[in-house]
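K.L.:
Have a look at this one before I ask anything.
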Amino acid sequence: MSESARDLARKLLAGNATTEAGVPGPATTVRHTAPATPAPLAGRTGPARAPRGPGRQFADHPEVAAAVAKRAAIAAISEQSGMPNPLFLPRNSPNDTVIRAMDTDLVNFSAYNYLGLSSHPRVVRAAQEALDQYGASASASRIVSGEIPLYGELEQRLAGMYDVGDAMVTTSGYLTNAGVIGFLLREGDVAFCDSLIHGSVVSGTQWAGCRRINFRHNDPDSLRSVLKMSRSGFDRALVVLEGHYSMDGTVGRVAELAAVAREFDCAVMVDEAHSLGVFGAAGHGIREHYGMAGAEVDIWMGTLSKALGSVGGFIAADAELIAAMKSSAPGVAMLTGAPAPSAIAAALAGLDVLAAEPDRVARLWHNARLFDTALRERGLDLGESQGTPIVPVIVPGEMRAGFVSAHLLRQGVYAGAISAPAVPVGKERLRFFITSEHSERQLLSTADLLAEAIALAGQLPEAMAV
């Protein structure tokens, strides 16, 4: 253990549970409790509440109160321990392999800039040129504001990549999933979802008012059993999968699951957010990885904000389905401002770089396997991950995971801690995004620092395990 780590351990393991002012110290268990029940108001029936007043209507909302309490606890721990707070870390550089923050350079594992394209000169130049020509915003939906040729060009490139009739770009990956499902399904329909499906899909099923039924993660037999029991009770059915699961680093068994879905007259939608630019020799995603025909999936969804170095989302599908969504899908295209022209130009340039420099994909996978091997050799728990560029390191306990993240930050490494509800309680983790631009030295030195930080976290009081 390094001398700085010893000093930090002594600081965190010593002292009282609370400060003189009653602020939780680093060894304090911070629990979120519901606000005390207010005294009944005269003349009212039903549950009593205190008057809230203007601007305070949501101050006692359970989620608001919990978030405020959590941020206060984290700030107190940071102040008492002298450790930096990794949340909302201010930076003044591109989100690259190395970022500038806290007046120093940090090795960065918190950006899904898998191929290093977000600051690639060709991508930045294309965005600047589009900004000069078309301005900073499309300023209206494409239906009423006229078409900029860049949009159609990108959509045709994406449709060709997926071997389907057409594509549509959108302002947000999250909104793409939610809006597409909200438009296509309704009461009487059903979405059969992998149990680890992204929250945007859950939001879409709520918007649609359809049923949502989960099957075991990546399990074709589980999907078949669920479909045998439930498919006949619904009109339209959509099986929703991911190509690369963002919290666990597992590879979607898309080809097998899509085949099962077809047995039961189900449509299939695949979220490619973290697989486009990552899988396949040319980086064309999970379809290339499995050698699938485009028609084996009804809706290919993806984002421009990960490997392509831009921002926004897209779907690629049958031309008639895309045309309907472009004109009639609220929140996706209809009544929604188009993505900024500069973002579209950046994504086009990202595809150009991907085509011209396929070695970026090879470097990405070399780095992912190197880091995965190094962590496993050090005995760290990587959950169900499969050696992909998404590497979860399980550190049970929200405070302990936060401690490890803060300790790494103090050592010059930035990696975010993930806790409930994003992951199950007891499965808190640090999540590392590997890129093609990380050096072997950065990866191996981070593996050493991480092993040290987790060992140090294991010495913290049990009160820190929650």
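Scheme for the structure tokens: letters A, B, ... for chains in order shown; per-chain residue numbers from 1; ligand numbers from 1 in order shown.
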Apply DSSP to the structure's backbone, then extract all residues of segment 66-300 of chain A labelled strand (DSSP E) and return them as a ChimeraX atom specification.

P.N.:
/A:98-101,104-108,166-170,190-194,211-215,237-242,267-271,299-300

K.L.:
Could you write out the selected residues, including N, CA and C atoms, as an mmCIF file, in the first residue's frame?

P.N.:
```
data_model
loop_
_atom_site.group_PDB
_atom_site.id
_atom_site.type_symbol
_atom_site.label_atom_id
_atom_site.label_comp_id
_atom_site.auth_asym_id
_atom_site.auth_seq_id
_atom_site.Cartn_x
_atom_site.Cartn_y
_atom_site.Cartn_z
ATOM 1 N N VAL A 98 -7.447 11.339 -21.773
ATOM 2 C CA VAL A 98 -6.933 12.167 -20.691
ATOM 3 C C VAL A 98 -7.740 13.454 -20.689
ATOM 4 N N ILE A 99 -8.268 13.832 -19.518
ATOM 5 C CA ILE A 99 -9.028 15.069 -19.405
ATOM 6 C C ILE A 99 -8.322 16.010 -18.439
ATOM 7 N N ARG A 100 -8.678 17.273 -18.537
ATOM 8 C CA ARG A 100 -8.129 18.288 -17.640
ATOM 9 C C ARG A 100 -9.196 18.672 -16.624
ATOM 10 N N ALA A 101 -8.927 18.412 -15.351
ATOM 11 C CA ALA A 101 -9.861 18.742 -14.279
ATOM 12 C C ALA A 101 -9.074 18.900 -12.994
ATOM 13 N N THR A 104 -5.342 19.499 -13.064
ATOM 14 C CA THR A 104 -4.393 18.426 -13.345
ATOM 15 C C THR A 104 -4.915 17.575 -14.489
ATOM 16 N N ASP A 105 -4.088 16.682 -14.994
ATOM 17 C CA ASP A 105 -4.497 15.733 -16.027
ATOM 18 C C ASP A 105 -4.938 14.434 -15.366
ATOM 19 N N LEU A 106 -6.077 13.911 -15.820
ATOM 20 C CA LEU A 106 -6.620 12.664 -15.291
ATOM 21 C C LEU A 106 -6.762 11.641 -16.405
ATOM 22 N N VAL A 107 -6.349 10.409 -16.141
ATOM 23 C CA VAL A 107 -6.630 9.315 -17.064
ATOM 24 C C VAL A 107 -8.121 9.001 -16.939
ATOM 25 N N ASN A 108 -8.811 9.029 -18.045
ATOM 26 C CA ASN A 108 -10.279 9.040 -18.031
ATOM 27 C C ASN A 108 -10.851 7.707 -18.512
ATOM 28 N N ASP A 166 -34.542 2.419 -44.946
ATOM 29 C CA ASP A 166 -34.319 3.825 -44.633
ATOM 30 C C ASP A 166 -33.915 3.952 -43.171
ATOM 31 N N ALA A 167 -33.583 5.183 -42.772
ATOM 32 C CA ALA A 167 -33.220 5.471 -41.386
ATOM 33 C C ALA A 167 -33.713 6.861 -41.036
ATOM 34 N N MET A 168 -33.742 7.142 -39.764
ATOM 35 C CA MET A 168 -34.170 8.454 -39.272
ATOM 36 C C MET A 168 -33.294 8.843 -38.097
ATOM 37 N N VAL A 169 -32.722 10.047 -38.136
ATOM 38 C CA VAL A 169 -31.919 10.539 -37.021
ATOM 39 C C VAL A 169 -32.810 11.341 -36.081
ATOM 40 N N THR A 170 -32.463 11.316 -34.813
ATOM 41 C CA THR A 170 -33.242 11.972 -33.777
ATOM 42 C C THR A 170 -32.315 12.737 -32.840
ATOM 43 N N VAL A 190 -47.695 -5.830 -26.305
ATOM 44 C CA VAL A 190 -46.741 -6.242 -25.288
ATOM 45 C C VAL A 190 -45.314 -6.066 -25.793
ATOM 46 N N ALA A 191 -44.426 -5.707 -24.871
ATOM 47 C CA ALA A 191 -42.986 -5.683 -25.137
ATOM 48 C C ALA A 191 -42.335 -6.746 -24.256
ATOM 49 N N PHE A 192 -41.671 -7.713 -24.891
ATOM 50 C CA PHE A 192 -40.906 -8.720 -24.164
ATOM 51 C C PHE A 192 -39.453 -8.236 -24.114
ATOM 52 N N CYS A 193 -38.978 -7.950 -22.911
ATOM 53 C CA CYS A 193 -37.694 -7.270 -22.760
ATOM 54 C C CYS A 193 -36.690 -8.120 -21.998
ATOM 55 N N ASP A 194 -35.440 -8.073 -22.464
ATOM 56 C CA ASP A 194 -34.358 -8.634 -21.672
ATOM 57 C C ASP A 194 -34.377 -7.990 -20.292
ATOM 58 N N ARG A 211 -48.222 -3.748 -22.043
ATOM 59 C CA ARG A 211 -47.619 -4.602 -21.030
ATOM 60 C C ARG A 211 -46.128 -4.742 -21.314
ATOM 61 N N ARG A 212 -45.364 -4.904 -20.249
ATOM 62 C CA ARG A 212 -43.946 -5.216 -20.390
ATOM 63 C C ARG A 212 -43.675 -6.485 -19.615
ATOM 64 N N ILE A 213 -43.103 -7.488 -20.272
ATOM 65 C CA ILE A 213 -42.789 -8.764 -19.640
ATOM 66 C C ILE A 213 -41.306 -9.041 -19.864
ATOM 67 N N ASN A 214 -40.581 -9.301 -18.792
ATOM 68 C CA ASN A 214 -39.146 -9.550 -18.886
ATOM 69 C C ASN A 214 -38.843 -11.037 -19.017
ATOM 70 N N PHE A 215 -37.741 -11.353 -19.660
ATOM 71 C CA PHE A 215 -37.192 -12.699 -19.655
ATOM 72 C C PHE A 215 -35.756 -12.623 -19.147
ATOM 73 N N ALA A 237 -46.623 -7.713 -30.738
ATOM 74 C CA ALA A 237 -45.597 -8.047 -29.738
ATOM 75 C C ALA A 237 -44.235 -7.649 -30.276
ATOM 76 N N LEU A 238 -43.423 -7.049 -29.395
ATOM 77 C CA LEU A 238 -42.090 -6.583 -29.767
ATOM 78 C C LEU A 238 -41.093 -7.133 -28.757
ATOM 79 N N VAL A 239 -40.083 -7.846 -29.240
ATOM 80 C CA VAL A 239 -38.986 -8.322 -28.397
ATOM 81 C C VAL A 239 -37.872 -7.285 -28.477
ATOM 82 N N VAL A 240 -37.432 -6.780 -27.314
ATOM 83 C CA VAL A 240 -36.453 -5.692 -27.277
ATOM 84 C C VAL A 240 -35.164 -6.186 -26.625
ATOM 85 N N LEU A 241 -34.052 -6.012 -27.344
ATOM 86 C CA LEU A 241 -32.740 -6.517 -26.942
ATOM 87 C C LEU A 241 -31.712 -5.405 -27.043
ATOM 88 N N GLU A 242 -30.535 -5.656 -26.498
ATOM 89 C CA GLU A 242 -29.389 -4.768 -26.707
ATOM 90 C C GLU A 242 -28.254 -5.554 -27.321
ATOM 91 N N ALA A 267 -42.192 -8.977 -33.535
ATOM 92 C CA ALA A 267 -41.200 -8.079 -34.105
ATOM 93 C C ALA A 267 -40.006 -7.986 -33.167
ATOM 94 N N VAL A 268 -38.878 -7.516 -33.694
ATOM 95 C CA VAL A 268 -37.642 -7.440 -32.906
ATOM 96 C C VAL A 268 -37.051 -6.047 -33.043
ATOM 97 N N MET A 269 -36.639 -5.500 -31.906
ATOM 98 C CA MET A 269 -35.937 -4.213 -31.872
ATOM 99 C C MET A 269 -34.628 -4.407 -31.125
ATOM 100 N N VAL A 270 -33.541 -3.904 -31.702
ATOM 101 C CA VAL A 270 -32.217 -4.046 -31.082
ATOM 102 C C VAL A 270 -31.625 -2.665 -30.836
ATOM 103 N N ASP A 271 -31.235 -2.428 -29.599
ATOM 104 C CA ASP A 271 -30.575 -1.189 -29.183
ATOM 105 C C ASP A 271 -29.068 -1.367 -29.385
ATOM 106 N N ILE A 299 -36.342 -3.317 -36.222
ATOM 107 C CA ILE A 299 -35.913 -1.959 -35.898
ATOM 108 C C ILE A 299 -34.525 -2.005 -35.288
ATOM 109 N N TRP A 300 -33.578 -1.393 -35.984
ATOM 110 C CA TRP A 300 -32.234 -1.228 -35.448
ATOM 111 C C TRP A 300 -32.153 0.184 -34.874
#
```

K.L.:
Env of segment 127-133 of chain A: 8 Å cut, atoms = only C-alpha atoms, seq-sep filter 2 positions within chain, self excluded. Answer as an MDAnalysis selection string.

P.N.:
chainID A and resid 123:125 135:136 341:346

K.L.:
Could you please take those selected residues and save all heavy atoms as a compact mmCIF listing (two decimals), in the first residue's frame?

P.N.:
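Below you can see result-v3.txt, which holds the result:
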```txt
# COMPACT_ATOMS: atom_id res chain seq x y z
N VAL A 123 -13.51 15.14 -37.53
CA VAL A 123 -14.86 15.25 -36.98
C VAL A 123 -15.13 16.68 -36.52
O VAL A 123 -16.19 17.26 -36.81
CB VAL A 123 -15.05 14.26 -35.81
CG1 VAL A 123 -16.40 14.45 -35.14
CG2 VAL A 123 -14.90 12.82 -36.32
N VAL A 124 -14.19 17.27 -35.82
CA VAL A 124 -14.35 18.64 -35.33
C VAL A 124 -14.46 19.61 -36.50
O VAL A 124 -15.30 20.52 -36.50
CB VAL A 124 -13.18 19.02 -34.40
CG1 VAL A 124 -13.25 20.49 -34.03
CG2 VAL A 124 -13.20 18.15 -33.14
N ARG A 125 -13.64 19.42 -37.51
CA ARG A 125 -13.68 20.31 -38.68
C ARG A 125 -15.03 20.23 -39.39
O ARG A 125 -15.60 21.25 -39.79
CB ARG A 125 -12.54 19.97 -39.63
CG ARG A 125 -12.44 20.92 -40.83
CD ARG A 125 -11.14 20.71 -41.59
NE ARG A 125 -11.01 19.35 -42.10
CZ ARG A 125 -10.14 18.45 -41.61
NH1 ARG A 125 -9.34 18.77 -40.60
NH2 ARG A 125 -10.06 17.24 -42.13
N GLY A 135 -25.71 27.31 -39.16
CA GLY A 135 -26.02 27.87 -37.86
C GLY A 135 -25.99 26.83 -36.76
O GLY A 135 -25.74 25.64 -36.99
N ALA A 136 -26.28 27.28 -35.52
CA ALA A 136 -26.13 26.42 -34.36
C ALA A 136 -27.30 25.48 -34.14
O ALA A 136 -27.19 24.51 -33.39
CB ALA A 136 -25.93 27.27 -33.11
N PRO A 341 -27.36 20.71 -37.08
CA PRO A 341 -26.61 20.31 -38.29
C PRO A 341 -25.17 19.94 -37.99
O PRO A 341 -24.61 19.04 -38.62
CB PRO A 341 -26.71 21.55 -39.18
CG PRO A 341 -27.96 22.25 -38.73
CD PRO A 341 -28.04 22.01 -37.26
N SER A 342 -24.55 20.63 -37.03
CA SER A 342 -23.15 20.32 -36.71
C SER A 342 -23.01 18.91 -36.15
O SER A 342 -22.01 18.23 -36.42
CB SER A 342 -22.61 21.33 -35.70
OG SER A 342 -23.43 21.37 -34.54
N ALA A 343 -24.03 18.43 -35.41
CA ALA A 343 -23.99 17.07 -34.88
C ALA A 343 -24.10 16.05 -36.01
O ALA A 343 -23.44 15.00 -35.98
CB ALA A 343 -25.12 16.87 -33.87
N ILE A 344 -24.92 16.33 -37.00
CA ILE A 344 -25.07 15.42 -38.13
C ILE A 344 -23.78 15.36 -38.93
O ILE A 344 -23.31 14.28 -39.33
CB ILE A 344 -26.25 15.86 -39.01
CG1 ILE A 344 -27.54 15.88 -38.21
CG2 ILE A 344 -26.38 14.94 -40.22
CD1 ILE A 344 -27.91 14.57 -37.57
N ALA A 345 -23.19 16.52 -39.17
CA ALA A 345 -21.92 16.55 -39.91
C ALA A 345 -20.83 15.82 -39.16
O ALA A 345 -20.00 15.11 -39.76
CB ALA A 345 -21.51 18.00 -40.16
N ALA A 346 -20.80 15.96 -37.84
CA ALA A 346 -19.80 15.25 -37.04
C ALA A 346 -19.98 13.74 -37.15
O ALA A 346 -19.01 12.99 -37.28
CB ALA A 346 -19.89 15.70 -35.58
```

K.L.:
Considering only C-alpha atoms, return as an NGL selection string whatever protein or nucleic-acid residues lie within 8 Å of segment 250-260 of chain A, sequence-local ones (same chain, fewer than 3 positions apart) excluded.

P.N.:
:A and (218-220 or 223-224 or 239 or 241-246 or 263-264 or 268 or 270 or 286 or 290 or 292 or 296-297 or 384-386 or 388)

K.L.:
Next, the residues of the selection above should be written as an mmCIF file, in the first residue's frame with N, CA, C and O atoms.

P.N.:
```cif
data_model
loop_
_atom_site.group_PDB
_atom_site.id
_atom_site.type_symbol
_atom_site.label_atom_id
_atom_site.label_comp_id
_atom_site.auth_asym_id
_atom_site.auth_seq_id
_atom_site.Cartn_x
_atom_site.Cartn_y
_atom_site.Cartn_z
ATOM 1 N N ASN A 218 -30.262 -12.547 -21.670
ATOM 2 C CA ASN A 218 -29.510 -13.275 -22.703
ATOM 3 C C ASN A 218 -29.851 -14.758 -22.759
ATOM 4 O O ASN A 218 -28.999 -15.572 -23.131
ATOM 5 N N ASP A 219 -31.098 -15.109 -22.440
ATOM 6 C CA ASP A 219 -31.465 -16.524 -22.326
ATOM 7 C C ASP A 219 -32.551 -16.876 -23.337
ATOM 8 O O ASP A 219 -33.736 -16.604 -23.097
ATOM 9 N N PRO A 220 -32.201 -17.481 -24.470
ATOM 10 C CA PRO A 220 -33.214 -17.848 -25.460
ATOM 11 C C PRO A 220 -34.269 -18.809 -24.918
ATOM 12 O O PRO A 220 -35.449 -18.718 -25.291
ATOM 13 N N LEU A 223 -36.791 -16.785 -23.003
ATOM 14 C CA LEU A 223 -37.670 -16.061 -23.920
ATOM 15 C C LEU A 223 -38.711 -16.994 -24.520
ATOM 16 O O LEU A 223 -39.908 -16.663 -24.579
ATOM 17 N N ARG A 224 -38.296 -18.169 -24.946
ATOM 18 C CA ARG A 224 -39.241 -19.118 -25.543
ATOM 19 C C ARG A 224 -40.326 -19.510 -24.537
ATOM 20 O O ARG A 224 -41.513 -19.565 -24.886
ATOM 21 N N VAL A 239 -40.083 -7.846 -29.240
ATOM 22 C CA VAL A 239 -38.986 -8.322 -28.397
ATOM 23 C C VAL A 239 -37.872 -7.285 -28.477
ATOM 24 O O VAL A 239 -37.416 -6.934 -29.569
ATOM 25 N N LEU A 241 -34.052 -6.012 -27.344
ATOM 26 C CA LEU A 241 -32.740 -6.517 -26.942
ATOM 27 C C LEU A 241 -31.712 -5.405 -27.043
ATOM 28 O O LEU A 241 -31.965 -4.360 -27.637
ATOM 29 N N GLU A 242 -30.535 -5.656 -26.498
ATOM 30 C CA GLU A 242 -29.389 -4.768 -26.707
ATOM 31 C C GLU A 242 -28.254 -5.554 -27.321
ATOM 32 O O GLU A 242 -28.115 -6.761 -27.098
ATOM 33 N N GLY A 243 -27.437 -4.853 -28.088
ATOM 34 C CA GLY A 243 -26.266 -5.494 -28.655
ATOM 35 C C GLY A 243 -25.126 -5.616 -27.657
ATOM 36 O O GLY A 243 -24.364 -6.584 -27.683
ATOM 37 N N HIS A 244 -25.014 -4.624 -26.776
ATOM 38 C CA HIS A 244 -23.897 -4.565 -25.817
ATOM 39 C C HIS A 244 -24.459 -3.892 -24.568
ATOM 40 O O HIS A 244 -24.811 -2.713 -24.607
ATOM 41 N N TYR A 245 -24.568 -4.636 -23.480
ATOM 42 C CA TYR A 245 -25.261 -4.146 -22.296
ATOM 43 C C TYR A 245 -24.355 -3.224 -21.485
ATOM 44 O O TYR A 245 -23.274 -3.612 -21.045
ATOM 45 N N SER A 246 -24.845 -1.996 -21.272
ATOM 46 C CA SER A 246 -23.978 -0.912 -20.833
ATOM 47 C C SER A 246 -23.565 -0.980 -19.377
ATOM 48 O O SER A 246 -22.583 -0.349 -18.987
ATOM 49 N N GLU A 263 -40.374 -17.247 -34.175
ATOM 50 C CA GLU A 263 -41.209 -18.439 -34.007
ATOM 51 C C GLU A 263 -42.603 -18.094 -33.498
ATOM 52 O O GLU A 263 -43.560 -18.833 -33.723
ATOM 53 N N PHE A 264 -42.712 -16.944 -32.798
ATOM 54 C CA PHE A 264 -43.966 -16.589 -32.137
ATOM 55 C C PHE A 264 -44.565 -15.296 -32.712
ATOM 56 O O PHE A 264 -45.334 -14.618 -32.034
ATOM 57 N N VAL A 268 -38.878 -7.516 -33.694
ATOM 58 C CA VAL A 268 -37.642 -7.440 -32.906
ATOM 59 C C VAL A 268 -37.051 -6.047 -33.043
ATOM 60 O O VAL A 268 -36.962 -5.499 -34.149
ATOM 61 N N VAL A 270 -33.541 -3.904 -31.702
ATOM 62 C CA VAL A 270 -32.217 -4.046 -31.082
ATOM 63 C C VAL A 270 -31.625 -2.665 -30.836
ATOM 64 O O VAL A 270 -31.528 -1.844 -31.744
ATOM 65 N N ILE A 286 -23.528 -5.065 -34.081
ATOM 66 C CA ILE A 286 -23.840 -6.447 -33.748
ATOM 67 C C ILE A 286 -24.337 -7.223 -34.958
ATOM 68 O O ILE A 286 -24.194 -8.453 -35.027
ATOM 69 N N TYR A 290 -22.535 -10.863 -35.944
ATOM 70 C CA TYR A 290 -23.190 -12.156 -36.108
ATOM 71 C C TYR A 290 -23.439 -12.515 -37.575
ATOM 72 O O TYR A 290 -23.942 -13.607 -37.854
ATOM 73 N N MET A 292 -25.667 -11.180 -39.593
ATOM 74 C CA MET A 292 -27.115 -11.233 -39.768
ATOM 75 C C MET A 292 -27.555 -10.433 -40.987
ATOM 76 O O MET A 292 -26.925 -9.435 -41.359
ATOM 77 N N GLU A 296 -33.558 -9.580 -40.421
ATOM 78 C CA GLU A 296 -33.758 -10.439 -39.242
ATOM 79 C C GLU A 296 -34.189 -9.642 -38.015
ATOM 80 O O GLU A 296 -34.639 -10.208 -37.023
ATOM 81 N N VAL A 297 -34.046 -8.329 -38.099
ATOM 82 C CA VAL A 297 -34.478 -7.422 -37.031
ATOM 83 C C VAL A 297 -35.362 -6.362 -37.675
ATOM 84 O O VAL A 297 -35.053 -5.861 -38.758
ATOM 85 N N GLU A 384 -20.574 -10.351 -14.625
ATOM 86 C CA GLU A 384 -20.836 -11.212 -15.774
ATOM 87 C C GLU A 384 -20.158 -10.717 -17.048
ATOM 88 O O GLU A 384 -20.433 -11.225 -18.137
ATOM 89 N N SER A 385 -19.286 -9.722 -16.938
ATOM 90 C CA SER A 385 -18.693 -9.115 -18.130
ATOM 91 C C SER A 385 -17.924 -10.137 -18.948
ATOM 92 O O SER A 385 -17.440 -11.147 -18.431
ATOM 93 N N GLN A 386 -17.794 -9.834 -20.248
ATOM 94 C CA GLN A 386 -17.235 -10.796 -21.193
ATOM 95 C C GLN A 386 -16.015 -10.264 -21.936
ATOM 96 O O GLN A 386 -15.783 -10.595 -23.081
ATOM 97 N N THR A 388 -15.331 -7.189 -22.893
ATOM 98 C CA THR A 388 -15.653 -6.155 -23.871
ATOM 99 C C THR A 388 -15.097 -4.812 -23.405
ATOM 100 O O THR A 388 -14.561 -4.703 -22.294
#
```

K.L.:
Could you work out how far atom CA of Phe314 of chain A lies from atom CA of Pro421 of chain A, giving the answer in Å with one decimal?

P.N.:
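About the pair atom CA of Pro421 of chain A and atom CA of Phe314 of chain A: they are 26.5 Å apart.
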
K.L.:
For Ala329 of chain A, which residue out of A:Arg431, A:Arg410, A:Gly387, A:Leu184 is the nearest one, using only C-alpha atoms?

P.N.:
A:Leu184

K.L.:
Counting only C-alpha atoms, what is within 12 Å of Arg429 of chain A, bar same-chain residues fewer than 3 positions away, as a ChimeraX atom specification?

P.N.:
/A:247-248,380-383,391-405,415-420,422-426,432,450,454

K.L.:
Quick one: residues within 10 Å of segment 364-370 of chain A, only C-alpha atoms counted, chain neighbours fewer than 3 positions away excluded, as a list in words?

P.N.:
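Once the nearby chain positions are removed, what remains is Tyr114, Leu115, Gly116, Gly277, Val278, Phe279, Asp359, Arg360, Val361, Thr373, Ala374, Leu375, Gln386, Gly387, Thr388, Pro389, Ile390, Val391, Phe432, Phe433, Ile434, Thr435, Ser436, Glu437, His438, Ser439, Glu440, Leu443 and Leu444 of chain A.
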
K.L.:
With DSSP run on the backbone, what are the helix (DSSP H, G or I) residues within segment 90-272 of chain A? I'd like them as a PDB file with C-alpha atoms, in the first residue's frame.

P.N.:
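Listed below is the output, selection-v7.pdb:
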```pdb
ATOM      1  CA  PRO A 121      -9.640  16.750 -36.216  1.00  0.00           C
ATOM      2  CA  ARG A 122     -11.744  15.534 -39.137  1.00  0.00           C
ATOM      3  CA  VAL A 123     -14.860  15.251 -36.982  1.00  0.00           C
ATOM      4  CA  VAL A 124     -14.352  18.637 -35.333  1.00  0.00           C
ATOM      5  CA  ARG A 125     -13.680  20.312 -38.675  1.00  0.00           C
ATOM      6  CA  ALA A 126     -16.861  18.876 -40.195  1.00  0.00           C
ATOM      7  CA  ALA A 127     -18.907  20.168 -37.248  1.00  0.00           C
ATOM      8  CA  GLN A 128     -17.326  23.614 -37.542  1.00  0.00           C
ATOM      9  CA  GLU A 129     -18.055  23.815 -41.264  1.00  0.00           C
ATOM     10  CA  ALA A 130     -21.687  22.828 -40.755  1.00  0.00           C
ATOM     11  CA  LEU A 131     -21.971  25.371 -37.951  1.00  0.00           C
ATOM     12  CA  ASP A 132     -20.708  28.094 -40.264  1.00  0.00           C
ATOM     13  CA  GLN A 133     -23.058  27.106 -43.094  1.00  0.00           C
ATOM     14  CA  TYR A 134     -26.275  26.197 -41.260  1.00  0.00           C
ATOM     15  CA  ARG A 142     -37.649  18.898 -40.441  1.00  0.00           C
ATOM     16  CA  ILE A 143     -41.270  18.581 -41.553  1.00  0.00           C
ATOM     17  CA  VAL A 144     -41.857  22.335 -41.503  1.00  0.00           C
ATOM     18  CA  SER A 145     -38.390  23.873 -41.731  1.00  0.00           C
ATOM     19  CA  PRO A 149     -28.948  17.581 -47.249  1.00  0.00           C
ATOM     20  CA  LEU A 150     -26.693  16.379 -44.415  1.00  0.00           C
ATOM     21  CA  TYR A 151     -29.611  14.626 -42.701  1.00  0.00           C
ATOM     22  CA  GLY A 152     -30.600  12.520 -45.687  1.00  0.00           C
ATOM     23  CA  GLU A 153     -26.971  11.667 -46.390  1.00  0.00           C
ATOM     24  CA  LEU A 154     -26.406  10.334 -42.876  1.00  0.00           C
ATOM     25  CA  GLU A 155     -29.691   8.412 -42.943  1.00  0.00           C
ATOM     26  CA  GLN A 156     -28.799   6.695 -46.200  1.00  0.00           C
ATOM     27  CA  ARG A 157     -25.372   5.762 -44.812  1.00  0.00           C
ATOM     28  CA  LEU A 158     -26.981   4.223 -41.744  1.00  0.00           C
ATOM     29  CA  ALA A 159     -29.646   2.395 -43.750  1.00  0.00           C
ATOM     30  CA  GLY A 160     -26.938   0.915 -45.950  1.00  0.00           C
ATOM     31  CA  MET A 161     -24.955  -0.183 -42.917  1.00  0.00           C
ATOM     32  CA  TYR A 162     -27.980  -2.124 -41.656  1.00  0.00           C
ATOM     33  CA  GLY A 173     -30.913   8.129 -27.920  1.00  0.00           C
ATOM     34  CA  TYR A 174     -33.064   7.855 -24.801  1.00  0.00           C
ATOM     35  CA  LEU A 175     -35.977   9.591 -26.507  1.00  0.00           C
ATOM     36  CA  THR A 176     -35.574   7.369 -29.561  1.00  0.00           C
ATOM     37  CA  ASN A 177     -36.255   4.207 -27.587  1.00  0.00           C
ATOM     38  CA  ALA A 178     -39.046   5.785 -25.568  1.00  0.00           C
ATOM     39  CA  GLY A 179     -40.670   7.512 -28.535  1.00  0.00           C
ATOM     40  CA  VAL A 180     -40.503   4.618 -30.989  1.00  0.00           C
ATOM     41  CA  ILE A 181     -42.049   2.165 -28.527  1.00  0.00           C
ATOM     42  CA  GLY A 182     -44.571   4.784 -27.441  1.00  0.00           C
ATOM     43  CA  PHE A 183     -45.617   5.256 -31.062  1.00  0.00           C
ATOM     44  CA  LEU A 184     -45.724   1.620 -32.177  1.00  0.00           C
ATOM     45  CA  GLY A 199     -34.443   2.363 -18.734  1.00  0.00           C
ATOM     46  CA  SER A 200     -35.380   4.230 -21.910  1.00  0.00           C
ATOM     47  CA  VAL A 201     -37.205   1.113 -23.117  1.00  0.00           C
ATOM     48  CA  VAL A 202     -39.067   0.907 -19.818  1.00  0.00           C
ATOM     49  CA  SER A 203     -40.090   4.545 -20.269  1.00  0.00           C
ATOM     50  CA  GLY A 204     -41.335   3.718 -23.765  1.00  0.00           C
ATOM     51  CA  THR A 205     -43.585   0.932 -22.523  1.00  0.00           C
ATOM     52  CA  GLN A 206     -45.031   3.266 -19.903  1.00  0.00           C
ATOM     53  CA  TRP A 207     -45.669   5.886 -22.581  1.00  0.00           C
ATOM     54  CA  ALA A 208     -47.319   3.274 -24.806  1.00  0.00           C
ATOM     55  CA  PRO A 220     -33.214 -17.848 -25.460  1.00  0.00           C
ATOM     56  CA  ASP A 221     -34.862 -20.666 -23.489  1.00  0.00           C
ATOM     57  CA  SER A 222     -36.331 -18.159 -21.054  1.00  0.00           C
ATOM     58  CA  LEU A 223     -37.670 -16.061 -23.920  1.00  0.00           C
ATOM     59  CA  ARG A 224     -39.241 -19.118 -25.543  1.00  0.00           C
ATOM     60  CA  SER A 225     -40.930 -20.105 -22.276  1.00  0.00           C
ATOM     61  CA  VAL A 226     -42.292 -16.603 -21.733  1.00  0.00           C
ATOM     62  CA  LEU A 227     -43.593 -16.428 -25.300  1.00  0.00           C
ATOM     63  CA  LYS A 228     -45.264 -19.829 -25.027  1.00  0.00           C
ATOM     64  CA  MET A 229     -47.135 -18.683 -21.938  1.00  0.00           C
ATOM     65  CA  SER A 230     -47.974 -15.117 -22.904  1.00  0.00           C
ATOM     66  CA  ARG A 231     -47.771 -14.325 -26.614  1.00  0.00           C
ATOM     67  CA  SER A 232     -51.327 -15.405 -27.483  1.00  0.00           C
ATOM     68  CA  GLY A 233     -52.823 -12.915 -25.038  1.00  0.00           C
ATOM     69  CA  VAL A 254     -29.187 -11.136 -30.720  1.00  0.00           C
ATOM     70  CA  ALA A 255     -29.226 -13.710 -33.533  1.00  0.00           C
ATOM     71  CA  GLU A 256     -30.506 -16.532 -31.311  1.00  0.00           C
ATOM     72  CA  LEU A 257     -33.089 -14.392 -29.539  1.00  0.00           C
ATOM     73  CA  ALA A 258     -34.363 -12.871 -32.767  1.00  0.00           C
ATOM     74  CA  ALA A 259     -34.880 -16.365 -34.198  1.00  0.00           C
ATOM     75  CA  VAL A 260     -36.943 -17.336 -31.147  1.00  0.00           C
ATOM     76  CA  ALA A 261     -39.023 -14.176 -31.498  1.00  0.00           C
ATOM     77  CA  ARG A 262     -39.838 -15.048 -35.106  1.00  0.00           C
ATOM     78  CA  GLU A 263     -41.209 -18.439 -34.007  1.00  0.00           C
TER      79      GLU A 263
END
```
